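Participant: The structure's right below; bear with me while I get my questions together.
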Amino acid sequence: MQLIDGKATAAQIKAEIAERVRQIVADGGKQPHLAAVLVGHDGGSETYVKNKVLACEACGFKSTLIRYEDDVTEEELLACVDRLNQNGDVDGFIVQLPLPKHIDEQRVTEAIDPDKDVDGFHPVNVGRMAIGLPCFISATPLGIMTLLKRYNIETSGKKCVVLGRSNIVGKPMAQLMMQKQWGDATVTVCHSHSPQLKEECRQADIIIAAIGRPGFVTEDMVKEGAVVIDVGTTRVPDATRKSGFRLSGDVDFENVAPKCSYITPVPGGVGPMTICSLMLNTLQAGTK
């Protein structure tokens, strides 16, 4: 069993991006600029945005953080999106989700200029990805594909099961794994209502678990030598931790890992690659 170290891979990629940015600036080019819009004080969102700012520093990017309180109106937020769309110095930006319930997330997402949509959530980018055209690919699926490539894990012709059908991970992950220029695999998408779910998983060469249930993938669902990618990051209570919780993946790591050829840990697997992929998208936006 080999552990897929997302933290080390992300650090290596960020160093490669920083070198590229140094060359761009030395040649008289523009420093890439990523902006983030944060509404309210959700703990998970605060941490994620803080890590994005730190990643920008590591990559040599300029970064801007725009904050709003929970009571910001939808129109105020849309006006902010419009200003960022028009700002020629901002190469890409994100509006951190989730948003307060009184704001239509889809309306905000669709207001973002697709050429600055480095989260890859705009329908234009989602549609282009689905038919294999150049676009910004959502960060977590791109991070997973990057890990598979960096570890020279063969995907072509393999049977892949994606657990979960979310717009952010499950659906785009399945699209990328089936496309010839990406995974070139035979893909099955399963979810909580899928019959014979365990049987499907037992046949898989690659399992990508993004179902949001701690420990959902158990030893009896994984065949010997399978590759297991764990996307889950659920906070579960843990009195032994200072924070009062720990992050749990969708995979029962302790019992599943011995059966795998490769597996990602939680934390330190897919998570660091998500932010790293956002940096790759921002570099792409800044060099268009």
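Residues are referred to by chain and number: the chain letter is A, B, ... according to the order shown in the structure tokens, the number counts from 1 in that chain, and ligands are numbered separately from 1 in the order shown.
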Would you mind listing what lies within 10 Å of stretch 158-167 of chain A as JSON, numbers by chain, with only C-alpha atoms counted and same-chain residues fewer than 4 positions away left out?
Facilitator: {"A": [121, 126, 138, 154, 171, 172, 173, 174, 177, 178, 183, 184, 185, 186, 187, 188, 189, 190, 191, 192, 194, 197, 200, 201, 202, 203, 204, 205, 206, 207, 208, 209, 210, 211, 212, 216, 217, 226, 227, 228, 229, 230, 231, 250]}
Participant: Using C-alpha atoms, can you write the selected residues to a file as a PDB file, in the first residue's frame?
Facilitator:
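Output (again_8.pdb):
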ATOM      1  CA  PHE A 121     -18.716  26.423 -11.307  1.00  0.00           C
ATOM      2  CA  VAL A 126     -19.226  23.054 -16.676  1.00  0.00           C
ATOM      3  CA  SER A 138     -13.602  22.687 -10.641  1.00  0.00           C
ATOM      4  CA  GLU A 154      -3.075   3.944 -14.729  1.00  0.00           C
ATOM      5  CA  LYS A 171     -20.594  14.773 -11.573  1.00  0.00           C
ATOM      6  CA  PRO A 172     -17.443  16.545 -12.864  1.00  0.00           C
ATOM      7  CA  MET A 173     -15.263  13.722 -11.507  1.00  0.00           C
ATOM      8  CA  ALA A 174     -17.248  11.152 -13.484  1.00  0.00           C
ATOM      9  CA  MET A 177     -12.672   9.980 -15.626  1.00  0.00           C
ATOM     10  CA  MET A 178     -14.652   8.909 -18.689  1.00  0.00           C
ATOM     11  CA  GLY A 183      -9.181   9.272 -17.353  1.00  0.00           C
ATOM     12  CA  ASP A 184     -10.308   7.153 -20.319  1.00  0.00           C
ATOM     13  CA  ALA A 185     -11.960   4.829 -17.776  1.00  0.00           C
ATOM     14  CA  THR A 186     -15.229   2.932 -17.608  1.00  0.00           C
ATOM     15  CA  VAL A 187     -17.223   4.903 -15.039  1.00  0.00           C
ATOM     16  CA  THR A 188     -20.136   4.017 -12.758  1.00  0.00           C
ATOM     17  CA  VAL A 189     -21.721   6.699 -10.567  1.00  0.00           C
ATOM     18  CA  CYS A 190     -23.328   5.427  -7.357  1.00  0.00           C
ATOM     19  CA  HIS A 191     -25.165   7.205  -4.563  1.00  0.00           C
ATOM     20  CA  SER A 192     -27.039   6.386  -1.367  1.00  0.00           C
ATOM     21  CA  SER A 194     -28.022   2.768  -5.664  1.00  0.00           C
ATOM     22  CA  LEU A 197     -23.684  -0.513  -4.285  1.00  0.00           C
ATOM     23  CA  GLU A 200     -20.302  -2.234  -7.808  1.00  0.00           C
ATOM     24  CA  CYS A 201     -17.494  -1.050  -5.530  1.00  0.00           C
ATOM     25  CA  ARG A 202     -16.009  -4.547  -5.216  1.00  0.00           C
ATOM     26  CA  GLN A 203     -15.541  -4.647  -8.995  1.00  0.00           C
ATOM     27  CA  ALA A 204     -13.814  -1.253  -9.141  1.00  0.00           C
ATOM     28  CA  ASP A 205     -10.132  -0.719  -9.876  1.00  0.00           C
ATOM     29  CA  ILE A 206     -10.533   2.879  -8.674  1.00  0.00           C
ATOM     30  CA  ILE A 207     -13.017   4.151  -6.059  1.00  0.00           C
ATOM     31  CA  ILE A 208     -13.536   7.888  -5.628  1.00  0.00           C
ATOM     32  CA  ALA A 209     -15.567   8.449  -2.467  1.00  0.00           C
ATOM     33  CA  ALA A 210     -17.387  11.792  -2.297  1.00  0.00           C
ATOM     34  CA  ILE A 211     -20.600  10.847  -0.542  1.00  0.00           C
ATOM     35  CA  GLY A 212     -20.203  12.872   2.667  1.00  0.00           C
ATOM     36  CA  PHE A 216     -18.963   4.808   4.488  1.00  0.00           C
ATOM     37  CA  VAL A 217     -16.498   2.745   2.406  1.00  0.00           C
ATOM     38  CA  ALA A 226      -7.741  -1.102  -5.670  1.00  0.00           C
ATOM     39  CA  VAL A 227      -6.925   2.622  -5.749  1.00  0.00           C
ATOM     40  CA  VAL A 228      -9.061   4.555  -3.245  1.00  0.00           C
ATOM     41  CA  ILE A 229      -9.445   8.344  -3.356  1.00  0.00           C
ATOM     42  CA  ASP A 230     -11.194   9.758  -0.274  1.00  0.00           C
ATOM     43  CA  VAL A 231     -12.809  13.172  -0.803  1.00  0.00           C
ATOM     44  CA  ASP A 250     -15.684   8.736   3.667  1.00  0.00           C
TER      45      ASP A 250
END
Participant: Please list as an MDAnalysis selection string every residue within 12 Å of A:Asp104, counting only C-alpha atoms and excluding residues in the same chain fewer than 3 positions away.
Facilitator: chainID A and resid 73:75 77:78 97:101 107:111
Participant: For those residues, write C-alpha atoms to a file as a PDB file, in the first residue's frame.
Facilitator:
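File result16.pdb, as written:
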ATOM      1  CA  THR A  73     -28.266  41.774   0.174  1.00  0.00           C
ATOM      2  CA  GLU A  74     -28.205  39.727  -3.003  1.00  0.00           C
ATOM      3  CA  GLU A  75     -28.079  42.919  -5.056  1.00  0.00           C
ATOM      4  CA  LEU A  77     -23.263  40.902  -3.698  1.00  0.00           C
ATOM      5  CA  LEU A  78     -24.139  40.919  -7.414  1.00  0.00           C
ATOM      6  CA  LEU A  97     -19.889  28.990  -0.712  1.00  0.00           C
ATOM      7  CA  PRO A  98     -22.154  28.376   1.114  1.00  0.00           C
ATOM      8  CA  LEU A  99     -23.950  31.730   1.060  1.00  0.00           C
ATOM      9  CA  PRO A 100     -26.712  32.839   3.478  1.00  0.00           C
ATOM     10  CA  LYS A 101     -30.127  31.342   2.699  1.00  0.00           C
ATOM     11  CA  ARG A 107     -27.750  33.489  -9.577  1.00  0.00           C
ATOM     12  CA  VAL A 108     -24.463  34.694  -8.064  1.00  0.00           C
ATOM     13  CA  THR A 109     -22.487  31.896  -9.742  1.00  0.00           C
ATOM     14  CA  GLU A 110     -23.998  32.670 -13.145  1.00  0.00           C
ATOM     15  CA  ALA A 111     -23.147  36.377 -12.735  1.00  0.00           C
TER      16      ALA A 111
END
Participant: For a quick check of understanding, using only C-alpha atoms, which of A:Ala55, A:Val169, A:Val81, A:Val251 has the smallest distance to A:Leu38?
Facilitator: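 Checking each of A:Ala55, A:Val169, A:Val81, A:Val251 against A:Leu38, counting only C-alpha atoms, the winner is A:Val81.
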Participant: If you measure from atom CA of A:Lys30 to atom CA of A:Gln284, what distance in Å do you get, rounded to one decimal?
Facilitator: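 The value is 12.5 Å.
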Participant: For A:Ser277, which residue among A:Glu105, A:Glu219, A:Asp119, A:Glu57 is the nearest when counting only C-alpha atoms?
Facilitator: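 Closest candidate: A:Asp119.
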Participant: Do you know which residues are at most 10 Å from stretch 281-283 of chain A counting only C-alpha atoms, after dropping those on the same chain fewer than 4 positions away, and could you put them as number ranges by chain?
Facilitator: A: 17-18, 20-21, 31-35, 56, 59, 61, 90-93, 116-120, 135-139, 142, 275-277, 287-288
Participant: Hey, can you check how far atom CA of A:Pro123 sits from atom CA of A:Gln181?
Facilitator: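 Pair atom CA of A:Pro123 / atom CA of A:Gln181 returns 21.0 Å.
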Participant: Report the distance between atom CA of A:Leu176 and atom CA of A:Asp115 in Å, rounded to one decimal place.
Facilitator: 20.2 Å
Participant: Got a sec to tell me which of stretch 22-138 of chain A DSSP assigns to helix (DSSP H, G or I), as a VMD selection string?
Facilitator: chain A and resid 22 to 26 43 to 59 74 to 86 105 to 111 114 to 116 123 to 130
Participant: Which residue gives the smallest distance to A:Gly225 among A:Lys50, A:Arg150, A:Lys259, A:Arg241, with only C-alpha atoms counted?
Facilitator: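 Checking each of A:Lys50, A:Arg150, A:Lys259, A:Arg241 against A:Gly225, counting only C-alpha atoms, the winner is A:Lys259.
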Participant: Any chance you could list, as number ranges by chain, the residues in stretch 130-163 of chain A that come up strand (DSSP E) when DSSP is run on the backbone?
Facilitator: A: 159-163
